[in-house]
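What's in final.csv: CSV, C-alpha atoms
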chain,number,residue,atom,x,y,z
X,25,ASP,CA,-11.9,9.4,-7.7
X,26,ILE,CA,-10.1,11.0,-4.8
X,27,GLN,CA,-6.7,12.5,-5.6
X,28,MET,CA,-3.9,12.8,-3.1
X,29,THR,CA,-1.2,15.5,-3.4
X,30,GLN,CA,1.8,14.7,-1.2
X,31,SER,CA,4.5,17.2,-0.4
X,32,PRO,CA,7.4,17.7,-0.5
X,33,SER,CA,8.6,15.1,-3.1
X,34,PHE,CA,12.1,15.2,-1.7
X,35,LEU,CA,13.3,16.2,1.8
X,36,SER,CA,16.8,16.5,3.2
X,37,ALA,CA,17.2,16.8,6.9
X,38,SER,CA,19.7,16.3,9.7
X,39,VAL,CA,19.7,13.8,12.6
X,40,GLY,CA,17.6,15.3,15.3
X,41,ASP,CA,15.5,17.5,13.1
X,42,ARG,CA,11.7,17.7,13.2
X,43,VAL,CA,10.4,16.6,9.9
X,44,THR,CA,6.9,17.0,8.5
X,45,ILE,CA,5.3,15.5,5.4
X,46,ASN,CA,1.9,16.6,4.1
X,47,CYS,CA,-0.9,15.0,2.1
X,48,LYS,CA,-3.8,16.9,0.7
X,49,ALA,CA,-6.9,15.1,-0.5
X,50,SER,CA,-9.1,16.4,-3.3
X,51,GLN,CA,-12.1,16.0,-1.0
X,52,ASN,CA,-12.9,15.3,2.6
X,53,ILE,CA,-11.6,11.9,3.6
X,54,ASN,CA,-12.9,11.9,7.2
X,55,LYS,CA,-9.5,10.9,8.7
X,56,TYR,CA,-9.3,7.7,6.7
X,57,LEU,CA,-5.6,8.3,6.0
X,58,ASP,CA,-2.6,6.0,6.7
X,59,TRP,CA,1.1,6.5,6.4
X,60,TYR,CA,3.6,4.0,5.2
X,61,GLN,CA,7.4,3.9,5.2
X,62,GLN,CA,9.3,2.1,2.4
X,63,LYS,CA,13.0,1.5,2.6
X,64,HIS,CA,15.0,0.6,-0.5
X,65,GLY,CA,14.3,-2.8,-1.8
X,66,GLU,CA,11.7,-3.6,0.9
X,67,ALA,CA,7.9,-3.8,1.2
X,68,PRO,CA,6.0,-0.8,2.6
X,69,LYS,CA,5.5,-0.7,6.4
X,70,LEU,CA,2.5,0.7,8.2
X,71,LEU,CA,3.4,3.6,10.5
X,72,ILE,CA,0.1,5.4,11.3
X,73,TYR,CA,-3.5,4.4,10.5
X,74,ASN,CA,-6.7,6.5,10.5
X,75,THR,CA,-4.7,9.8,10.8
X,76,ASN,CA,-3.2,9.5,14.3
X,77,ASN,CA,-3.1,5.8,15.4
X,78,LEU,CA,0.4,4.6,15.9
X,79,GLN,CA,0.9,1.0,14.6
X,80,THR,CA,2.2,-1.5,17.2
X,81,GLY,CA,6.0,-1.4,17.3
X,82,ILE,CA,6.4,1.9,15.6
X,83,PRO,CA,8.6,4.4,17.6
X,84,SER,CA,6.7,7.2,19.3
X,85,ARG,CA,8.8,9.9,17.4
X,86,PHE,CA,6.3,9.2,14.5
X,87,SER,CA,2.9,10.9,14.8
X,88,GLY,CA,0.1,11.9,12.5
X,89,SER,CA,-2.5,14.6,12.5
X,90,GLY,CA,-5.1,16.2,10.3
X,91,SER,CA,-8.7,16.3,9.3
X,92,GLY,CA,-10.9,17.1,6.3
X,93,THR,CA,-8.6,17.3,3.3
X,94,ASP,CA,-5.2,18.0,5.0
X,95,TYR,CA,-3.0,15.5,6.8
X,96,THR,CA,0.5,15.5,8.2
X,97,LEU,CA,3.1,13.0,9.3
X,98,THR,CA,5.7,14.2,11.8
X,99,ILE,CA,8.9,12.7,12.8
X,100,SER,CA,9.9,14.5,16.0
X,101,SER,CA,13.6,13.8,16.0
X,102,LEU,CA,15.0,12.3,12.8
X,103,GLN,CA,17.1,9.2,13.2
X,104,PRO,CA,19.4,7.6,10.6
X,105,GLU,CA,17.2,4.6,10.2
X,106,ASP,CA,14.3,6.9,9.1
X,107,VAL,CA,15.9,7.3,5.7
X,108,ALA,CA,13.1,6.0,3.4
X,109,THR,CA,10.3,7.0,1.1
X,110,TYR,CA,7.0,7.8,2.8
X,111,PHE,CA,3.6,7.4,1.3
X,112,CYS,CA,0.1,8.4,2.4
X,113,LEU,CA,-2.9,6.3,1.6
X,114,GLN,CA,-6.5,7.4,1.7
X,115,HIS,CA,-9.2,4.7,2.2
X,116,SER,CA,-12.3,6.8,2.5
X,117,SER,CA,-13.4,5.9,-1.0
X,118,ARG,CA,-11.5,3.0,-2.6
X,119,TYR,CA,-7.8,3.6,-2.2
X,120,THR,CA,-5.4,6.3,-3.4
X,121,PHE,CA,-1.7,6.6,-2.5
X,122,GLY,CA,0.2,9.8,-2.5
X,123,ALA,CA,3.2,10.1,-4.8
X,124,GLY,CA,5.7,9.7,-2.0
X,125,THR,CA,8.3,11.7,-0.2
X,126,LYS,CA,11.9,10.6,-0.4
X,127,LEU,CA,13.7,11.5,2.9
X,128,GLU,CA,17.4,11.6,3.0
X,129,LEU,CA,20.0,12.7,5.6
X,130,LYS,CA,21.7,16.0,5.1
L,24,GLU,CA,5.2,-15.3,12.6
L,25,VAL,CA,3.1,-13.5,10.1
L,26,GLN,CA,4.0,-14.3,6.5
L,27,LEU,CA,2.6,-13.3,3.1
L,28,VAL,CA,4.4,-15.0,0.2
L,29,GLU,CA,3.6,-14.0,-3.3
L,30,SER,CA,4.4,-16.2,-6.3
L,31,GLY,CA,3.5,-16.5,-10.0
L,32,GLY,CA,5.4,-13.4,-11.4
L,33,GLY,CA,7.5,-13.5,-14.4
L,34,LEU,CA,8.0,-12.4,-18.0
L,35,VAL,CA,4.8,-12.4,-20.1
L,36,GLN,CA,4.0,-11.0,-23.6
L,37,PRO,CA,1.5,-8.2,-24.0
L,38,GLY,CA,-2.1,-9.5,-24.3
L,39,ARG,CA,-1.4,-12.7,-22.4
L,40,SER,CA,-2.5,-13.7,-18.9
L,41,LEU,CA,-0.9,-14.4,-15.6
L,42,LYS,CA,-2.1,-15.5,-12.2
L,43,LEU,CA,-0.5,-14.4,-9.0
L,44,SER,CA,-0.9,-16.2,-5.7
L,45,CYS,CA,-0.3,-15.1,-2.1
L,46,ALA,CA,0.0,-17.7,0.7
L,47,ALA,CA,-0.7,-16.4,4.1
L,48,SER,CA,0.3,-17.8,7.5
L,49,GLY,CA,0.6,-16.7,11.1
L,50,PHE,CA,-2.7,-14.9,11.3
L,51,THR,CA,-6.5,-15.6,10.9
L,52,PHE,CA,-6.7,-15.0,7.2
L,53,SER,CA,-10.4,-15.1,7.0
L,54,ASN,CA,-10.7,-12.0,9.3
L,55,TYR,CA,-8.7,-9.8,7.0
L,56,TYR,CA,-9.5,-7.7,4.0
L,57,MET,CA,-6.9,-8.5,1.4
L,58,ALA,CA,-5.5,-6.4,-1.4
L,59,TRP,CA,-3.0,-6.3,-4.2
L,60,VAL,CA,-0.8,-3.2,-4.5
L,61,ARG,CA,1.8,-2.7,-7.3
L,62,GLN,CA,4.9,-0.6,-7.8
L,63,ALA,CA,6.3,0.1,-11.3
L,64,PRO,CA,10.1,0.3,-11.4
L,65,LYS,CA,11.3,3.4,-9.5
L,66,LYS,CA,7.7,4.6,-9.2
L,67,GLY,CA,5.2,5.0,-6.4
L,68,LEU,CA,2.6,2.6,-5.1
L,69,GLU,CA,-0.7,1.9,-6.9
L,70,TRP,CA,-3.7,0.1,-5.5
L,71,VAL,CA,-4.8,-2.7,-7.8
L,72,ALA,CA,-7.6,-4.7,-6.1
L,73,THR,CA,-9.3,-5.4,-2.8
L,74,ILE,CA,-11.5,-8.2,-1.6
L,75,SER,CA,-13.7,-8.5,1.5
L,76,THR,CA,-13.2,-11.1,4.2
L,77,SER,CA,-15.7,-13.5,2.7
L,78,GLY,CA,-14.8,-12.8,-0.9
L,79,SER,CA,-18.3,-11.5,-1.7
L,80,ARG,CA,-17.1,-7.9,-2.5
L,81,THR,CA,-14.3,-6.9,-4.8
L,82,TYR,CA,-13.1,-3.5,-5.8
L,83,TYR,CA,-10.8,-2.3,-8.6
L,84,PRO,CA,-9.4,1.0,-10.0
L,85,ASP,CA,-10.4,1.9,-13.5
L,86,SER,CA,-6.8,1.0,-14.7
L,87,VAL,CA,-7.4,-2.7,-14.2
L,88,LYS,CA,-11.2,-3.1,-14.0
L,89,GLY,CA,-12.4,-5.7,-16.5
L,90,ARG,CA,-8.9,-7.2,-16.9
L,91,PHE,CA,-7.9,-8.2,-13.4
L,92,THR,CA,-9.8,-10.5,-11.0
L,93,ILE,CA,-9.0,-10.8,-7.3
L,94,SER,CA,-10.2,-13.9,-5.4
L,95,ARG,CA,-9.5,-15.7,-2.2
L,96,ASP,CA,-9.7,-19.2,-0.7
L,97,ASN,CA,-10.1,-18.9,3.1
L,98,ALA,CA,-9.7,-22.6,3.6
L,99,LYS,CA,-6.3,-22.4,2.0
L,100,SER,CA,-5.4,-19.0,3.4
L,101,SER,CA,-4.6,-17.9,-0.1
L,102,LEU,CA,-5.2,-14.8,-2.2
L,103,TYR,CA,-5.1,-14.7,-6.0
L,104,LEU,CA,-4.9,-12.2,-8.8
L,105,GLN,CA,-5.9,-13.2,-12.3
L,106,MET,CA,-4.5,-10.8,-14.8
L,107,ASN,CA,-5.7,-10.9,-18.4
L,108,SER,CA,-5.0,-8.7,-21.4
L,109,LEU,CA,-1.7,-7.6,-19.9
L,110,LYS,CA,-0.2,-4.3,-21.1
L,111,SER,CA,3.4,-3.0,-20.8
L,112,GLU,CA,2.2,-0.5,-18.2
L,113,ASP,CA,1.2,-3.4,-15.9
L,114,THR,CA,5.0,-4.1,-15.4
L,115,ALA,CA,5.6,-3.8,-11.7
L,116,THR,CA,6.3,-5.6,-8.5
L,117,TYR,CA,3.0,-6.8,-7.1
L,118,TYR,CA,2.5,-6.9,-3.3
L,119,CYS,CA,-0.3,-8.6,-1.4
L,120,ALA,CA,-1.3,-6.9,1.8
L,121,SER,CA,-3.8,-7.4,4.5
L,122,ARG,CA,-5.8,-5.2,6.8
L,123,LEU,CA,-8.4,-5.6,9.5
L,124,TYR,CA,-11.5,-3.5,9.2
L,125,ASN,CA,-10.9,0.1,10.1
L,126,SER,CA,-7.1,-0.3,10.3
L,127,GLY,CA,-4.2,-0.1,8.0
L,128,PHE,CA,-2.4,-2.6,5.8
L,129,ALA,CA,-0.3,-4.1,8.6
L,130,TYR,CA,1.1,-7.1,6.7
L,131,TRP,CA,2.8,-7.1,3.4
L,132,GLY,CA,4.5,-9.8,1.3
L,133,GLN,CA,7.9,-9.3,-0.3
L,134,GLY,CA,6.5,-8.8,-3.7
L,135,THR,CA,6.6,-10.7,-7.1
L,136,LEU,CA,7.8,-9.0,-10.3
L,137,VAL,CA,5.7,-9.0,-13.4
L,138,THR,CA,7.3,-7.9,-16.6
L,139,VAL,CA,5.1,-7.4,-19.6
L,140,SER,CA,7.2,-7.3,-22.7
L,141,SER,CA,7.5,-8.9,-26.2
Go ahead and render the structure in this file as structure tokens.
Amino acid sequence: DIQMTQSPSFLSASVGDRVTINCKASQNINKYLDWYQQKHGEAPKLLIYNTNNLQTGIPSRFSGSGSGTDYTLTISSLQPEDVATYFCLQHSSRYTFGAGTKLELK
Amino acid sequence: EVQLVESGGGLVQPGRSLKLSCAASGFTFSNYYMAWVRQAPKKGLEWVATISTSGSRTYYPDSVKGRFTISRDNAKSSLYLQMNSLKSEDTATYYCASRLYNSGFAYWGQGTLVTVSS
């Protein structure tokens, strides 16, 4: 089974900051990596699919990059509404979620 | 408007069974892979099951394989999860989610809570 190591677990940043969240796979996942945002009490929401494809309706301040085993979600300028927990998901072989990154405002 | 509405959750004793349903509307259900994803209280997300568009292929993690069965009825735009031999560690909110081939899970339901306790 593919394991996903997501970091950091917790992140505190200010409005306007550039924020990066990382996921490392235990083996090459060939860019089959999605990012989801989950706000408190809500269902997850797809942000990025297959490493760098922005889902329709998602603000362009969100972007994704990576290859092989290492992947990154970047928020170019943090907004108050971005406070949430973020999860990566590999779908190269079955599915594995990362443990999540809780993002809060400083 | 796209909607996924789960139902069937509740309190169940360990070892018993429960069947969840997910009613889809607002999109062509038969074109989408469907999945169940769960989230234990204050924990992360865990993939539970996936089914192909026709229903001919199903996939499970080891944690539920042999106990859970995913199925779908494309004529009714509905997804199901039969859960047998439930354990306390199955306590979670269960979400149904849909994805097109080679895309992400774009649509999610609001979740249904399953509590396994005596």
Return as a JSON list (two decimals) with C-alpha atoms, in the coordinates of the input the residues belonging to chain L that are within 6 Å of chain X, counting all atoms listed in the file.
[["chain", "number", "residue", "atom", "x", "y", "z"],
["L", 67, "GLY", "CA", 5.20, 5.00, -6.40],
["L", 126, "SER", "CA", -7.10, -0.30, 10.30],
["L", 127, "GLY", "CA", -4.20, -0.10, 8.00],
["L", 129, "ALA", "CA", -0.30, -4.10, 8.60],
["L", 133, "GLN", "CA", 7.90, -9.30, -0.30]]
List as a list in words the protein and nucleic acid residues near Leu97 in chain X, meaning an atom at most 9 Å away when all atoms listed in the file are counted, but skip any in the same chain fewer than 4 places from it. Val43, Thr44, Ile45, Asn46, Cys47, Trp59, Ile72, Thr75, Asn76, Phe86, Ser87, Gly88, Ser89, Gly90 and Cys112 of chain X
Take the residues just selected and output them with C-alpha atoms as a compact mmCIF listing (two decimals), in the coordinates of the input.
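To be explicit, this is the file written out as selection_8.txt:
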# COMPACT_ATOMS: atom_id res chain seq x y z
CA VAL X 43 10.40 16.60 9.90
CA THR X 44 6.90 17.00 8.50
CA ILE X 45 5.30 15.50 5.40
CA ASN X 46 1.90 16.60 4.10
CA CYS X 47 -0.90 15.00 2.10
CA TRP X 59 1.10 6.50 6.40
CA ILE X 72 0.10 5.40 11.30
CA THR X 75 -4.70 9.80 10.80
CA ASN X 76 -3.20 9.50 14.30
CA PHE X 86 6.30 9.20 14.50
CA SER X 87 2.90 10.90 14.80
CA GLY X 88 0.10 11.90 12.50
CA SER X 89 -2.50 14.60 12.50
CA GLY X 90 -5.10 16.20 10.30
CA CYS X 112 0.10 8.40 2.40
Which of these, X:Gly92, X:Pro83, X:Gly40, X:Pro32, has the shortest distance to Ser116 in chain X once you count all atoms listed in the file? X:Gly92
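Residues in contact range of Ala120 in chain L, defined as at most 7 Å between only C-alpha atoms, with sequence neighbours fewer than 2 positions away removed, read L:Met57, L:Ala58, L:Trp59, L:Tyr118, L:Arg122, L:Phe128, L:Tyr130, L:Trp131, L:Gly132.
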Quick one: everything within 10 Å of Asn54 in chain L, counting all atoms listed in the file, minus sequence neighbours fewer than 6 positions away in the same chain. Send it as number ranges by chain. L: 75-77, 97, 121-124
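Residue nearest Glu29 in chain L, chosen from L:Gly78, L:Asp85, L:Cys119, L:Ser140 and counting all atoms listed in the file: L:Cys119.
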How far is it from CA of Lys130 in chain X to CA of Ser101 in chain X, in Å with one decimal? 13.8 Å
If I take CA of Ala98 in chain L and CA of Phe50 in chain L, how far is one from the other in Å, to one decimal? 12.9 Å
I want to know what sits within 8 Å of Gln51 in chain X, based on only C-alpha atoms, with residues of the same chain fewer than 2 positions away left out; could you give that as an MDAnalysis selection string? chainID X and resid 26:27 49 53 92:93
If we count all atoms listed in the file and set the cut-off at 10 Å, which residues sit around Val137 in chain L, ignoring sequence neighbours fewer than 3 positions away in its own chain? Please answer as JSON, numbers by chain. {"L": [31, 32, 33, 34, 35, 41, 43, 61, 63, 109, 111, 113, 114, 115, 116, 117, 134, 140]}
